[in-house]
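Raw contents of entry.pdb, PDB, C-alpha atoms:
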```pdb
ATOM      1  CA  MET A   1     173.322 -41.076 100.426
ATOM      2  CA  LYS A   2     169.667 -40.188 101.003
ATOM      3  CA  VAL A   3     168.921 -36.458 100.918
ATOM      4  CA  PRO A   4     166.170 -34.952 103.114
ATOM      5  CA  MET A   5     163.578 -33.437 100.793
ATOM      6  CA  ILE A   6     161.811 -30.105 101.240
ATOM      7  CA  GLU A   7     158.452 -29.259  99.718
ATOM      8  CA  TRP A   8     158.252 -26.381  97.281
ATOM      9  CA  PRO A   9     155.218 -24.087  97.379
ATOM     10  CA  ILE A  10     152.180 -25.535  95.621
ATOM     11  CA  GLY A  11     152.391 -24.867  91.904
ATOM     12  CA  ALA A  12     156.122 -24.096  91.983
ATOM     13  CA  VAL A  13     157.827 -24.742  88.645
ATOM     14  CA  ALA A  14     161.533 -25.204  87.968
ATOM     15  CA  CYS A  15     163.194 -22.566  85.788
ATOM     16  CA  ALA A  16     166.533 -24.403  85.466
ATOM     17  CA  ARG A  17     167.940 -27.887  85.963
ATOM     18  CA  TYR A  18     171.580 -28.895  86.344
ATOM     19  CA  ARG A  19     173.814 -31.902  86.806
ATOM     20  CA  VAL A  20     176.836 -31.166  88.991
ATOM     21  CA  VAL A  21     179.891 -33.429  89.258
ATOM     22  CA  HIS A  22     182.461 -32.433  91.894
ATOM     23  CA  GLU A  23     185.645 -34.499  92.184
ATOM     24  CA  THR A  24     188.356 -33.931  94.769
ATOM     25  CA  ARG A  25     191.559 -35.982  94.469
ATOM     26  CA  TYR A  26     194.448 -36.116  96.938
ATOM     27  CA  GLN A  27     197.761 -37.713  95.993
ATOM     28  CA  TYR A  28     199.966 -38.403  99.008
ATOM     29  CA  GLN A  29     203.753 -38.599  99.197
ATOM     30  CA  SER A  30     203.575 -41.586 101.536
ATOM     31  CA  THR A  31     200.917 -44.025 102.704
ATOM     32  CA  VAL A  32     197.954 -42.795 104.743
ATOM     33  CA  THR A  33     196.870 -45.344 107.337
ATOM     34  CA  LEU A  34     193.789 -43.500 108.616
ATOM     35  CA  SER A  35     191.643 -40.730 107.123
ATOM     36  CA  GLN A  36     188.573 -39.101 108.650
ATOM     37  CA  GLN A  37     186.696 -36.542 106.537
ATOM     38  CA  TYR A  38     183.745 -34.198 107.032
ATOM     39  CA  LEU A  39     181.942 -33.460 103.761
ATOM     40  CA  HIS A  40     179.696 -30.548 102.780
ATOM     41  CA  MET A  41     179.067 -31.815  99.246
ATOM     42  CA  THR A  42     175.289 -32.352  99.258
ATOM     43  CA  PRO A  43     173.196 -29.571  97.677
ATOM     44  CA  ARG A  44     170.847 -28.035 100.217
ATOM     45  CA  PRO A  45     167.092 -28.239  99.516
ATOM     46  CA  PHE A  46     165.285 -24.953 100.255
ATOM     47  CA  ALA A  47     162.654 -22.640  98.783
ATOM     48  CA  TRP A  48     164.557 -21.919  95.564
ATOM     49  CA  GLN A  49     166.258 -25.294  95.088
ATOM     50  CA  HIS A  50     165.150 -28.910  94.977
ATOM     51  CA  THR A  51     167.571 -31.851  95.005
ATOM     52  CA  GLU A  52     166.349 -34.393  92.491
ATOM     53  CA  SER A  53     169.173 -36.907  93.031
ATOM     54  CA  HIS A  54     172.503 -37.090  94.808
ATOM     55  CA  LEU A  55     175.286 -39.590  95.453
ATOM     56  CA  VAL A  56     178.771 -39.546  96.964
ATOM     57  CA  TRP A  57     181.358 -42.281  96.616
ATOM     58  CA  LEU A  58     185.008 -42.535  97.615
ATOM     59  CA  ASP A  59     187.991 -44.494  96.357
ATOM     60  CA  PRO A  60     189.138 -46.306  98.409
ATOM     61  CA  VAL A  61     185.745 -47.341  99.749
ATOM     62  CA  VAL A  62     184.917 -45.898 103.183
ATOM     63  CA  SER A  63     185.143 -48.154 106.216
ATOM     64  CA  GLU A  64     182.529 -46.112 108.101
ATOM     65  CA  GLY A  65     180.057 -43.455 106.983
ATOM     66  CA  ARG A  66     177.366 -41.420 108.688
ATOM     67  CA  ASP A  67     174.967 -38.786 107.359
ATOM     68  CA  GLY A  68     173.832 -35.851 109.435
ATOM     69  CA  VAL A  69     172.853 -32.189 109.612
ATOM     70  CA  ASP A  70     175.092 -29.451 110.997
ATOM     71  CA  TYR A  71     174.194 -26.493 113.239
ATOM     72  CA  PHE A  72     173.078 -24.426 110.239
ATOM     73  CA  GLY A  73     170.865 -27.144 108.764
ATOM     74  CA  ASN A  74     173.242 -28.222 106.002
ATOM     75  CA  ASN A  75     173.500 -31.877 105.003
ATOM     76  CA  VAL A  76     176.858 -33.371 105.981
ATOM     77  CA  ARG A  77     178.573 -36.736 105.748
ATOM     78  CA  HIS A  78     181.253 -38.099 108.082
ATOM     79  CA  VAL A  79     183.492 -40.800 106.588
ATOM     80  CA  ALA A  80     186.405 -42.836 107.866
ATOM     81  CA  LEU A  81     188.928 -44.812 105.796
ATOM     82  CA  THR A  82     191.030 -47.368 107.664
ATOM     83  CA  VAL A  83     192.519 -49.079 104.589
ATOM     84  CA  PRO A  84     196.072 -47.871 103.817
ATOM     85  CA  HIS A  85     196.060 -45.694 100.685
ATOM     86  CA  ASP A  86     198.328 -43.411  98.663
ATOM     87  CA  SER A  87     195.508 -41.413  97.043
ATOM     88  CA  LEU A  88     191.934 -40.434  97.799
ATOM     89  CA  LEU A  89     189.137 -39.618  95.353
ATOM     90  CA  VAL A  90     185.835 -38.115  96.503
ATOM     91  CA  HIS A  91     183.165 -38.038  93.784
ATOM     92  CA  ALA A  92     179.896 -36.155  94.369
ATOM     93  CA  GLU A  93     177.192 -36.122  91.707
ATOM     94  CA  SER A  94     173.867 -34.268  91.931
ATOM     95  CA  THR A  95     170.885 -33.201  89.876
ATOM     96  CA  VAL A  96     169.126 -30.062  91.090
ATOM     97  CA  LEU A  97     166.099 -28.031  90.060
ATOM     98  CA  LEU A  98     166.038 -24.265  90.570
ATOM     99  CA  ARG A  99     163.000 -22.048  91.012
ATOM    100  CA  ALA A 100     162.859 -18.381  89.957
ATOM    101  CA  ARG A 101     164.097 -15.990  92.661
ATOM    102  CA  PRO A 102     163.120 -12.353  93.326
ATOM    103  CA  THR A 103     164.162 -10.132  90.408
ATOM    104  CA  LEU A 104     165.710  -6.662  90.412
ATOM    105  CA  ALA A 105     162.236  -5.150  90.105
ATOM    106  CA  ARG A 106     161.123  -6.827  93.357
ATOM    107  CA  ILE A 107     164.066  -5.727  95.490
ATOM    108  CA  THR A 108     163.899  -1.979  94.798
ATOM    109  CA  ALA A 109     161.168  -1.026  97.287
ATOM    110  CA  THR A 110     162.565  -2.496 100.504
ATOM    111  CA  LEU A 111     162.773  -0.769 103.885
ATOM    112  CA  PRO A 112     165.529   1.756 104.601
ATOM    113  CA  TRP A 113     168.552  -0.133 105.820
ATOM    114  CA  GLU A 114     168.498   1.641 109.194
ATOM    115  CA  SER A 115     164.989   0.268 109.830
ATOM    116  CA  VAL A 116     166.197  -3.281 109.203
ATOM    117  CA  ARG A 117     169.203  -2.718 111.455
ATOM    118  CA  ASP A 118     166.982  -1.478 114.276
ATOM    119  CA  MET A 119     164.628  -4.444 113.899
ATOM    120  CA  MET A 120     167.434  -6.850 114.720
ATOM    121  CA  GLY A 121     167.490  -5.688 118.331
ATOM    122  CA  LYS A 122     163.729  -5.479 118.813
ATOM    123  CA  GLU A 123     161.874  -8.115 116.792
ATOM    124  CA  LYS A 124     161.533 -11.538 118.425
ATOM    125  CA  SER A 125     160.096 -13.505 115.515
ATOM    126  CA  ALA A 126     161.653 -16.851 114.617
ATOM    127  CA  ALA A 127     162.931 -15.456 111.306
ATOM    128  CA  THR A 128     164.624 -12.473 112.955
ATOM    129  CA  LEU A 129     166.184 -14.566 115.700
ATOM    130  CA  GLU A 130     167.518 -16.995 113.092
ATOM    131  CA  ALA A 131     168.952 -14.087 111.101
ATOM    132  CA  CYS A 132     170.780 -12.839 114.194
ATOM    133  CA  ARG A 133     173.061 -15.912 113.957
ATOM    134  CA  TYR A 134     174.736 -14.090 111.065
ATOM    135  CA  LEU A 135     175.064 -10.681 112.694
ATOM    136  CA  TYR A 136     178.257 -11.141 114.688
ATOM    137  CA  ALA A 137     181.954 -11.711 114.087
ATOM    138  CA  SER A 138     183.037 -15.209 113.020
ATOM    139  CA  PRO A 139     186.396 -16.958 112.502
ATOM    140  CA  HIS A 140     187.065 -15.375 109.084
ATOM    141  CA  VAL A 141     184.817 -12.298 109.254
ATOM    142  CA  HIS A 142     185.180  -9.435 111.687
ATOM    143  CA  TRP A 143     184.745  -5.712 111.271
ATOM    144  CA  PHE A 144     186.999  -2.699 111.657
ATOM    145  CA  PRO A 145     186.623   1.050 110.964
ATOM    146  CA  GLU A 146     187.878   0.943 107.355
ATOM    147  CA  LEU A 147     185.395  -1.819 106.513
ATOM    148  CA  GLU A 148     182.459   0.136 107.909
ATOM    149  CA  ALA A 149     183.616   3.250 106.034
ATOM    150  CA  TYR A 150     183.678   1.265 102.790
ATOM    151  CA  ALA A 151     180.158  -0.077 103.464
ATOM    152  CA  ARG A 152     178.716   3.374 104.178
ATOM    153  CA  LEU A 153     179.593   4.612 100.710
ATOM    154  CA  SER A 154     176.690   2.410  99.571
ATOM    155  CA  PHE A 155     174.554   2.495 102.703
ATOM    156  CA  THR A 156     173.772   6.198 102.760
ATOM    157  CA  PRO A 157     171.036   7.582 105.084
ATOM    158  CA  GLY A 158     167.559   6.342 104.207
ATOM    159  CA  ARG A 159     168.589   4.204 101.231
ATOM    160  CA  PRO A 160     166.506   1.024 100.677
ATOM    161  CA  GLN A 161     168.369  -1.948 102.111
ATOM    162  CA  LEU A 162     168.587  -4.195  99.044
ATOM    163  CA  ASP A 163     169.245  -1.297  96.675
ATOM    164  CA  ALA A 164     172.264  -0.453  98.824
ATOM    165  CA  ALA A 165     173.311  -4.133  98.947
ATOM    166  CA  LEU A 166     173.248  -4.309  95.153
ATOM    167  CA  ASP A 167     175.328  -1.137  94.954
ATOM    168  CA  LEU A 168     177.879  -2.656  97.362
ATOM    169  CA  THR A 169     177.940  -5.815  95.199
ATOM    170  CA  ARG A 170     178.754  -3.748  92.127
ATOM    171  CA  ARG A 171     181.392  -1.632  93.882
ATOM    172  CA  ILE A 172     183.293  -4.697  95.097
ATOM    173  CA  PHE A 173     183.289  -6.034  91.541
ATOM    174  CA  GLU A 174     184.628  -2.727  90.195
ATOM    175  CA  ASP A 175     187.115  -1.962  92.981
ATOM    176  CA  PHE A 176     188.695  -5.419  93.387
ATOM    177  CA  GLU A 177     190.572  -7.633  90.942
ATOM    178  CA  PHE A 178     190.160 -11.401  90.793
ATOM    179  CA  ASP A 179     193.600 -12.880  91.498
ATOM    180  CA  SER A 180     193.887 -16.521  92.571
ATOM    181  CA  LYS A 181     197.470 -16.022  93.794
ATOM    182  CA  ALA A 182     196.898 -12.918  95.927
ATOM    183  CA  THR A 183     195.347 -14.586  98.976
ATOM    184  CA  GLU A 184     195.078 -17.802 100.956
ATOM    185  CA  ILE A 185     192.299 -19.222 103.129
ATOM    186  CA  SER A 186     193.749 -17.486 106.188
ATOM    187  CA  THR A 187     194.275 -14.050 104.582
ATOM    188  CA  PRO A 188     192.620 -11.453 106.867
ATOM    189  CA  LEU A 189     189.992  -9.034 105.574
ATOM    190  CA  GLU A 190     192.268  -6.073 106.333
ATOM    191  CA  GLN A 191     194.744  -7.359 103.749
ATOM    192  CA  VAL A 192     192.008  -8.050 101.191
ATOM    193  CA  LEU A 193     190.597  -4.532 101.597
ATOM    194  CA  ARG A 194     194.032  -2.949 101.407
ATOM    195  CA  GLY A 195     195.288  -5.010  98.463
ATOM    196  CA  ARG A 196     192.017  -4.912  96.473
ATOM    197  CA  ARG A 197     192.659  -8.425  95.130
ATOM    198  CA  GLY A 198     191.402 -11.913  95.895
ATOM    199  CA  VAL A 199     188.976 -14.669  94.934
ATOM    200  CA  CYS A 200     185.260 -15.303  95.360
ATOM    201  CA  GLN A 201     185.706 -16.452  98.958
ATOM    202  CA  ASP A 202     187.473 -13.181  99.818
ATOM    203  CA  PHE A 203     184.908 -10.996  98.086
ATOM    204  CA  ALA A 204     182.011 -12.809  99.766
ATOM    205  CA  GLN A 205     183.572 -12.488 103.215
ATOM    206  CA  LEU A 206     184.465  -8.852 102.554
ATOM    207  CA  MET A 207     180.853  -8.048 101.668
ATOM    208  CA  ILE A 208     179.591  -9.968 104.699
ATOM    209  CA  GLY A 209     181.982  -8.000 106.921
ATOM    210  CA  CYS A 210     180.716  -4.730 105.428
ATOM    211  CA  LEU A 211     177.096  -5.659 106.132
ATOM    212  CA  ARG A 212     177.697  -6.897 109.670
ATOM    213  CA  SER A 213     179.756  -3.797 110.465
ATOM    214  CA  ILE A 214     176.616  -1.671 110.066
ATOM    215  CA  GLY A 215     174.305  -4.082 111.886
ATOM    216  CA  LEU A 216     172.834  -6.104 108.998
ATOM    217  CA  PRO A 217     172.784  -9.942 109.022
ATOM    218  CA  ALA A 218     174.574 -11.669 106.155
ATOM    219  CA  ARG A 219     175.561 -15.269 105.584
ATOM    220  CA  TYR A 220     178.164 -17.021 103.448
ATOM    221  CA  ILE A 221     176.880 -19.301 100.672
ATOM    222  CA  SER A 222     178.971 -22.157  99.321
ATOM    223  CA  GLY A 223     178.079 -23.707  95.987
ATOM    224  CA  TYR A 224     178.650 -23.678  92.254
ATOM    225  CA  ILE A 225     177.980 -21.372  89.316
ATOM    226  CA  LEU A 226     177.308 -22.211  85.694
ATOM    227  CA  THR A 227     180.134 -20.849  83.544
ATOM    228  CA  HIS A 228     179.830 -20.129  79.845
ATOM    229  CA  PRO A 229     182.502 -21.271  77.340
ATOM    230  CA  PRO A 230     183.628 -18.864  74.629
ATOM    231  CA  GLU A 231     181.214 -18.612  71.718
ATOM    232  CA  GLY A 232     181.571 -21.588  69.420
ATOM    233  CA  LYS A 233     183.621 -23.592  71.926
ATOM    234  CA  PRO A 234     182.397 -26.752  73.700
ATOM    235  CA  ARG A 235     181.783 -26.857  77.438
ATOM    236  CA  LEU A 236     184.884 -28.409  79.043
ATOM    237  CA  VAL A 237     184.599 -31.176  81.614
ATOM    238  CA  GLY A 238     186.086 -30.102  84.957
ATOM    239  CA  ALA A 239     186.453 -26.450  83.949
ATOM    240  CA  ASP A 240     183.941 -25.085  86.454
ATOM    241  CA  ALA A 241     184.782 -24.491  90.112
ATOM    242  CA  SER A 242     183.378 -24.164  93.581
ATOM    243  CA  HIS A 243     181.954 -20.717  94.196
ATOM    244  CA  ALA A 244     180.909 -18.441  97.057
ATOM    245  CA  TRP A 245     178.510 -15.549  97.399
ATOM    246  CA  VAL A 246     176.441 -13.637  99.980
ATOM    247  CA  SER A 247     172.899 -13.845 101.320
ATOM    248  CA  VAL A 248     171.301 -10.763 102.919
ATOM    249  CA  TYR A 249     168.338 -10.944 105.299
ATOM    250  CA  CYS A 250     165.354  -8.828 104.230
ATOM    251  CA  PRO A 251     162.238  -8.837 106.478
ATOM    252  CA  SER A 252     159.795  -8.666 103.539
ATOM    253  CA  LEU A 253     161.507 -11.106 101.144
ATOM    254  CA  GLY A 254     163.543 -13.366 103.399
ATOM    255  CA  TRP A 255     167.109 -14.126 102.325
ATOM    256  CA  VAL A 256     168.223 -12.534  99.051
ATOM    257  CA  ASP A 257     171.523 -13.561  97.424
ATOM    258  CA  PHE A 258     174.154 -11.332  95.786
ATOM    259  CA  ASP A 259     177.339 -12.354  93.973
ATOM    260  CA  PRO A 260     180.075  -9.673  94.253
ATOM    261  CA  THR A 261     182.497 -11.715  92.141
ATOM    262  CA  ASN A 262     180.121 -11.512  89.189
ATOM    263  CA  ARG A 263     178.362  -8.208  89.966
ATOM    264  CA  CYS A 264     174.879  -9.691  90.056
ATOM    265  CA  LEU A 265     171.736 -10.510  91.944
ATOM    266  CA  VAL A 266     171.659 -14.314  92.109
ATOM    267  CA  GLN A 267     169.022 -15.795  89.826
ATOM    268  CA  HIS A 268     169.101 -19.215  88.126
ATOM    269  CA  GLU A 269     172.774 -20.074  87.492
ATOM    270  CA  HIS A 270     173.924 -20.567  91.107
ATOM    271  CA  ILE A 271     173.619 -23.971  92.816
ATOM    272  CA  THR A 272     173.716 -23.874  96.627
ATOM    273  CA  LEU A 273     175.595 -26.452  98.697
ATOM    274  CA  GLY A 274     175.001 -24.800 102.067
ATOM    275  CA  TRP A 275     175.466 -21.710 104.201
ATOM    276  CA  GLY A 276     177.099 -20.548 107.385
ATOM    277  CA  ARG A 277     178.824 -17.584 108.998
ATOM    278  CA  ASP A 278     181.877 -17.807 106.726
ATOM    279  CA  PHE A 279     183.997 -20.243 104.729
ATOM    280  CA  SER A 280     184.975 -22.286 107.785
ATOM    281  CA  ASP A 281     181.377 -23.402 108.410
ATOM    282  CA  VAL A 282     180.792 -24.886 104.938
ATOM    283  CA  THR A 283     184.167 -26.061 103.655
ATOM    284  CA  PRO A 284     183.298 -28.695 101.009
ATOM    285  CA  MET A 285     185.782 -31.142 102.525
ATOM    286  CA  ARG A 286     187.956 -31.084 105.622
ATOM    287  CA  GLY A 287     189.437 -33.703 107.894
ATOM    288  CA  ILE A 288     192.526 -35.335 109.349
ATOM    289  CA  VAL A 289     194.901 -37.981 108.052
ATOM    290  CA  LEU A 290     197.505 -40.166 109.734
ATOM    291  CA  GLY A 291     200.612 -40.287 107.547
ATOM    292  CA  GLY A 292     200.699 -39.077 103.978
ATOM    293  CA  GLY A 293     203.514 -36.514 104.076
ATOM    294  CA  ARG A 294     203.196 -33.868 101.376
ATOM    295  CA  GLN A 295     199.989 -33.959  99.362
ATOM    296  CA  GLU A 296     198.826 -32.719  95.985
ATOM    297  CA  LEU A 297     195.235 -31.564  95.569
ATOM    298  CA  ASP A 298     193.227 -31.525  92.342
ATOM    299  CA  VAL A 299     189.596 -30.364  92.224
ATOM    300  CA  GLN A 300     187.377 -30.595  89.150
ATOM    301  CA  VAL A 301     183.789 -29.377  88.906
ATOM    302  CA  THR A 302     181.450 -29.723  85.933
ATOM    303  CA  VAL A 303     178.043 -28.005  85.853
ATOM    304  CA  THR A 304     175.883 -29.175  82.948
ATOM    305  CA  PRO A 305     172.502 -27.629  82.047
ATOM    306  CA  LEU A 306     169.725 -30.217  81.625
ATOM    307  CA  PRO A 307     166.239 -29.968  80.097
ATOM    308  CA  VAL A 308     163.564 -28.784  82.538
ATOM    309  CA  LEU A 309     161.004 -31.568  82.612
ATOM    310  CA  GLY A 310     158.155 -29.668  84.262
ATOM    311  CA  GLY A 311     157.093 -28.861  87.837
ATOM    312  CA  ALA A 312     159.003 -29.972  90.881
TER     313      ALA A 312
END
```
Give the structure from the file, written as structure tokens.
Amino acid sequence: MKVPMIEWPIGAVACARYRVVHETRYQYQSTVTLSQQYLHMTPRPFAWQHTESHLVWLDPVVSEGRDGVDYFGNNVRHVALTVPHDSLLVHAESTVLLRARPTLARITATLPWESVRDMMGKEKSAATLEACRYLYASPHVHWFPELEAYARLSFTPGRPQLDAALDLTRRIFEDFEFDSKATEISTPLEQVLRGRRGVCQDFAQLMIGCLRSIGLPARYISGYILTHPPEGKPRLVGADASHAWVSVYCPSLGWVDFDPTNRCLVQHEHITLGWGRDFSDVTPMRGIVLGGGRQELDVQVTVTPLPVLGGA
């Protein structure tokens, strides 16, 4: 699969380089006679990330395949399998280069959050209009009074926008417990806020809902994160996982990413697949099958640091 390239600024130098292997395997109870899948498994090139190489292959081999770009500018691939099969393996392998992002020191002196909110209804620049895509309710993110009240504990009057966003990131980390069994894809934000438990997808959508509830654009980022094995232990193949975090629109800096699951400003250990309004826009893999019965799903992700060879 050929990936559209994007030019980095002149003189840009990579600060990190990774190889990512993402394998999704379905085992079906009975034979599938037709499978059509829509894949978001190609890392997105943008100002902070350059895709050096990428490939996707399936077993069984696809009967038809087509590359494209979705509404949000993410690279996608449509595939169809017409050969009867009892299992399906999708293997995506990429090498990406990351450029240094804005640091904590650069995000402290941003505009008061109310000023950014007011700009959304007045400014007509291309950047502001694009940001407004991520200002409204979406299939998995809507707002309600309790969500706004939670957001306003961080977004106090006159507080700089990104300083407040970082505070919200840290509060979600402290107030909520990571629990992979507490929620499902369809769990509403009301339940997540009430139960104070969930996974990275829940925490990202919760933070997005908080921001949109007070008039600030925020988008959902799908990708991967480098995990660190215990000291003295080897890095395990397949032990990493898909990840999700939040991007906040700032007029002076553009989009700035925060990870509420890990209580941090995103720097050089997050690899971006794509972005949208919420999880439903950038699901790594979704589709329909004819037949199959019950199915078992196994996903393995391995993120491996590589030597940085020089400029992009």
- Note on the structure: Expressed in Å, the length from CA of Ile172 in chain A to CA of Gln205 in chain A is 11.3 Å
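In this structure, CA of His140 in chain A sits 26.0 Å away from CA of Val90 in chain A.
The nearest approach to Ser125 in chain A among the residues A:Pro45, A:Pro251, A:Pro307, A:Gly287, with only C-alpha atoms taken into account, belongs to A:Pro251.
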- Can you give me, as JSON, numbers by chain, the residues this file yields under the PyMOL selection byres ((chain A and resi 25-36) around 8)? {"A": [23, 24, 37, 38, 78, 79, 80, 81, 82, 83, 84, 85, 86, 87, 88, 89, 90, 287, 288, 289, 290, 291, 292, 293, 294, 295, 296, 297, 298, 299]}
Output C-alpha atoms for every residue in the selection just made, as a PDB file, in the frame of the given file.
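That gives us result25.pdb:
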```pdb
ATOM      1  CA  GLU A  23     185.645 -34.499  92.184  1.00  0.00           C
ATOM      2  CA  THR A  24     188.356 -33.931  94.769  1.00  0.00           C
ATOM      3  CA  GLN A  37     186.696 -36.542 106.537  1.00  0.00           C
ATOM      4  CA  TYR A  38     183.745 -34.198 107.032  1.00  0.00           C
ATOM      5  CA  HIS A  78     181.253 -38.099 108.082  1.00  0.00           C
ATOM      6  CA  VAL A  79     183.492 -40.800 106.588  1.00  0.00           C
ATOM      7  CA  ALA A  80     186.405 -42.836 107.866  1.00  0.00           C
ATOM      8  CA  LEU A  81     188.928 -44.812 105.796  1.00  0.00           C
ATOM      9  CA  THR A  82     191.030 -47.368 107.664  1.00  0.00           C
ATOM     10  CA  VAL A  83     192.519 -49.079 104.589  1.00  0.00           C
ATOM     11  CA  PRO A  84     196.072 -47.871 103.817  1.00  0.00           C
ATOM     12  CA  HIS A  85     196.060 -45.694 100.685  1.00  0.00           C
ATOM     13  CA  ASP A  86     198.328 -43.411  98.663  1.00  0.00           C
ATOM     14  CA  SER A  87     195.508 -41.413  97.043  1.00  0.00           C
ATOM     15  CA  LEU A  88     191.934 -40.434  97.799  1.00  0.00           C
ATOM     16  CA  LEU A  89     189.137 -39.618  95.353  1.00  0.00           C
ATOM     17  CA  VAL A  90     185.835 -38.115  96.503  1.00  0.00           C
ATOM     18  CA  GLY A 287     189.437 -33.703 107.894  1.00  0.00           C
ATOM     19  CA  ILE A 288     192.526 -35.335 109.349  1.00  0.00           C
ATOM     20  CA  VAL A 289     194.901 -37.981 108.052  1.00  0.00           C
ATOM     21  CA  LEU A 290     197.505 -40.166 109.734  1.00  0.00           C
ATOM     22  CA  GLY A 291     200.612 -40.287 107.547  1.00  0.00           C
ATOM     23  CA  GLY A 292     200.699 -39.077 103.978  1.00  0.00           C
ATOM     24  CA  GLY A 293     203.514 -36.514 104.076  1.00  0.00           C
ATOM     25  CA  ARG A 294     203.196 -33.868 101.376  1.00  0.00           C
ATOM     26  CA  GLN A 295     199.989 -33.959  99.362  1.00  0.00           C
ATOM     27  CA  GLU A 296     198.826 -32.719  95.985  1.00  0.00           C
ATOM     28  CA  LEU A 297     195.235 -31.564  95.569  1.00  0.00           C
ATOM     29  CA  ASP A 298     193.227 -31.525  92.342  1.00  0.00           C
ATOM     30  CA  VAL A 299     189.596 -30.364  92.224  1.00  0.00           C
TER      31      VAL A 299
END
```
- Message: So, with all atoms listed in the file as the atoms that count, which of A:Ser53, A:Thr42, A:Thr110, A:Thr272 lies closest to Asp67 in chain A?
- Response: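 Nearest to Asp67 in chain A: A:Thr42.
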- Task: Give me the result of the PyMOL selection byres ((chain A and resi 219) around 10) on this file, residue by residue, as a PyMOL selection string.
- Result: chain A and resi 131+133-135+204-205+207-209+211-212+217-218+220-222+245-249+255+257+275-279
- Item | Atom-to-atom span, CA of Glu177 in chain A and CA of Thr261 in chain A, Å | 9.1 Å
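Candidate residues A:Pro145, A:Gly223, A:Pro157, A:Gly65 were compared for distance to Val282 in chain A, and the nearest is A:Gly223, using all atoms listed in the file.
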- With all atoms listed in the file as the basis for distance, which of A:Val56, A:Leu265, A:Val61, A:Ala16 is at the shortest distance from Leu97 in chain A? A:Ala16
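Proximity to Val20 in chain A was assessed for A:Cys132, A:Leu273, A:Ala151, A:Val308 counting only C-alpha atoms; the smallest distance is recorded for A:Leu273.
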